[in-house]
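A quick write-up on the structure given underneath.
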Amino acid sequence: MPWSAARSSSTAAAWSGIPRSSPPASPPHRRVWEALTWDATPFAVEAAAIRKRQTELAATLLADAAARLGAAPDPQWVDAIAHAVNGGVEALARWWRDHPSLGPEQLTDMAVDLLLAGLVRT
């Protein structure tokens with residue numbers, strides 16, 4: 001079955017529903033979600049600060065690119081896209097640990113190819 005926008009949408013909806021999937025009094029999925037995204041170790045705090053700066057930079061670059069094209073996207077949308085871009089690049093970096101035969105240039109090309117397709121659609 002070919003991948004489609006509808007299938008991508010369903011996958012994203014299922015993933016983003018994890019933190020809301022249980023009643024607040026019994027949140028087993030919420031704990032899993034929090035472990036994946038909000039670790040409180042000193043390194044995690046430092047990494048969160050780096051991610052915040054990267055997201056702010058990506059959002060600025062995206063907004064500037066949109067302005068050069070004469071568009072004025074919703075700032076919340078730009079922020080969401082910046083988070084998605086950074087998350088995608090981080091995921092590729094983690095994937096790369098298990099695929100060291102690729103060079104940094106190949107990984108960069110892969111990231112650009114993957115991300116530009118989504119940004120063009122936006």
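Numbering starts fresh at 1 for the residues of each chain in the structure tokens, the chains themselves are lettered A, B, ... in the order given, and ligands are numbered from 1 as they appear.
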
Would you kindly return, as a PDB file with N, CA and C atoms, in the first residue's frame, each protein, DNA or RNA residue with an atom no farther than 9 Å from any atom of segment 82-87 of chain A, considering only C-alpha atoms and excluding same-chain residues fewer than 2 positions away?
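Okay, this is what ended up in result07.pdb:
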ATOM      1  N   ARG A  51      17.991  23.028  22.275  1.00  0.00           N
ATOM      2  CA  ARG A  51      16.849  22.850  21.362  1.00  0.00           C
ATOM      3  C   ARG A  51      16.046  24.140  21.228  1.00  0.00           C
ATOM      4  N   LYS A  52      15.865  24.840  22.341  1.00  0.00           N
ATOM      5  CA  LYS A  52      15.104  26.095  22.311  1.00  0.00           C
ATOM      6  C   LYS A  52      15.793  27.110  21.395  1.00  0.00           C
ATOM      7  N   GLN A  54      17.910  26.435  18.964  1.00  0.00           N
ATOM      8  CA  GLN A  54      17.829  25.942  17.591  1.00  0.00           C
ATOM      9  C   GLN A  54      16.447  26.203  17.001  1.00  0.00           C
ATOM     10  N   THR A  55      15.427  25.992  17.800  1.00  0.00           N
ATOM     11  CA  THR A  55      14.064  26.223  17.323  1.00  0.00           C
ATOM     12  C   THR A  55      13.837  27.693  17.022  1.00  0.00           C
ATOM     13  N   GLU A  56      14.334  28.565  17.893  1.00  0.00           N
ATOM     14  CA  GLU A  56      14.191  30.004  17.651  1.00  0.00           C
ATOM     15  C   GLU A  56      14.908  30.407  16.370  1.00  0.00           C
ATOM     16  N   LEU A  57      16.100  29.865  16.152  1.00  0.00           N
ATOM     17  CA  LEU A  57      16.845  30.172  14.927  1.00  0.00           C
ATOM     18  C   LEU A  57      16.090  29.647  13.704  1.00  0.00           C
ATOM     19  N   ALA A  58      15.626  28.395  13.770  1.00  0.00           N
ATOM     20  CA  ALA A  58      14.889  27.821  12.635  1.00  0.00           C
ATOM     21  C   ALA A  58      13.624  28.624  12.345  1.00  0.00           C
ATOM     22  N   ALA A  59      12.911  29.033  13.391  1.00  0.00           N
ATOM     23  CA  ALA A  59      11.688  29.823  13.193  1.00  0.00           C
ATOM     24  C   ALA A  59      12.009  31.162  12.542  1.00  0.00           C
ATOM     25  N   THR A  60      13.094  31.797  12.967  1.00  0.00           N
ATOM     26  CA  THR A  60      13.492  33.068  12.361  1.00  0.00           C
ATOM     27  C   THR A  60      13.832  32.880  10.888  1.00  0.00           C
ATOM     28  N   LEU A  62      12.818  30.477   8.872  1.00  0.00           N
ATOM     29  CA  LEU A  62      11.595  30.149   8.126  1.00  0.00           C
ATOM     30  C   LEU A  62      10.740  31.396   7.889  1.00  0.00           C
ATOM     31  N   TRP A  77       2.298  28.641  13.587  1.00  0.00           N
ATOM     32  CA  TRP A  77       2.583  27.643  12.549  1.00  0.00           C
ATOM     33  C   TRP A  77       4.092  27.582  12.297  1.00  0.00           C
ATOM     34  N   VAL A  78       4.728  28.728  12.199  1.00  0.00           N
ATOM     35  CA  VAL A  78       6.186  28.774  11.986  1.00  0.00           C
ATOM     36  C   VAL A  78       6.904  28.090  13.144  1.00  0.00           C
ATOM     37  N   ASP A  79       6.475  28.362  14.374  1.00  0.00           N
ATOM     38  CA  ASP A  79       7.093  27.741  15.542  1.00  0.00           C
ATOM     39  C   ASP A  79       6.907  26.227  15.506  1.00  0.00           C
ATOM     40  N   ALA A  80       5.724  25.766  15.143  1.00  0.00           N
ATOM     41  CA  ALA A  80       5.469  24.323  15.055  1.00  0.00           C
ATOM     42  C   ALA A  80       6.359  23.675  13.994  1.00  0.00           C
ATOM     43  N   VAL A  89      15.668  16.431  12.319  1.00  0.00           N
ATOM     44  CA  VAL A  89      17.130  16.391  12.213  1.00  0.00           C
ATOM     45  C   VAL A  89      17.719  15.606  13.396  1.00  0.00           C
ATOM     46  N   GLU A  90      17.181  15.811  14.593  1.00  0.00           N
ATOM     47  CA  GLU A  90      17.651  15.045  15.751  1.00  0.00           C
ATOM     48  C   GLU A  90      17.415  13.548  15.551  1.00  0.00           C
ATOM     49  N   ALA A  91      16.254  13.190  15.028  1.00  0.00           N
ATOM     50  CA  ALA A  91      15.952  11.776  14.798  1.00  0.00           C
ATOM     51  C   ALA A  91      16.916  11.171  13.784  1.00  0.00           C
ATOM     52  N   LEU A  92      17.220  11.914  12.734  1.00  0.00           N
ATOM     53  CA  LEU A  92      18.202  11.422  11.764  1.00  0.00           C
ATOM     54  C   LEU A  92      19.577  11.247  12.401  1.00  0.00           C
ATOM     55  N   LEU A 115      13.236  17.091   4.466  1.00  0.00           N
ATOM     56  CA  LEU A 115      12.572  18.257   5.028  1.00  0.00           C
ATOM     57  C   LEU A 115      12.038  19.213   3.970  1.00  0.00           C
TER      58      LEU A 115
END

- Item | Which of segment 38-102 of chain A DSSP labels alpha helix (DSSP H), written as a PyMOL selection string | chain A and resi 42-68+75-97

- Hey, what's within 8 Å of Ala72 of chain A if we count only C-alpha atoms and toss same-chain stuff fewer than 3 positions away? As a PyMOL selection string, please? chain A and resi 63+66-67

Can I get the selected residues back with C-alpha atoms, as a short mmCIF file (atom, residue, chain, number, x, y, z; two decimals), in the first residue's frame?
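Result written to part-v5.cif:
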data_model
loop_
_atom_site.label_atom_id
_atom_site.label_comp_id
_atom_site.auth_asym_id
_atom_site.auth_seq_id
_atom_site.Cartn_x
_atom_site.Cartn_y
_atom_site.Cartn_z
CA ALA A 63 9.78 33.43 8.79
CA ALA A 66 8.45 33.34 3.91
CA ALA A 67 8.70 37.14 4.06
#
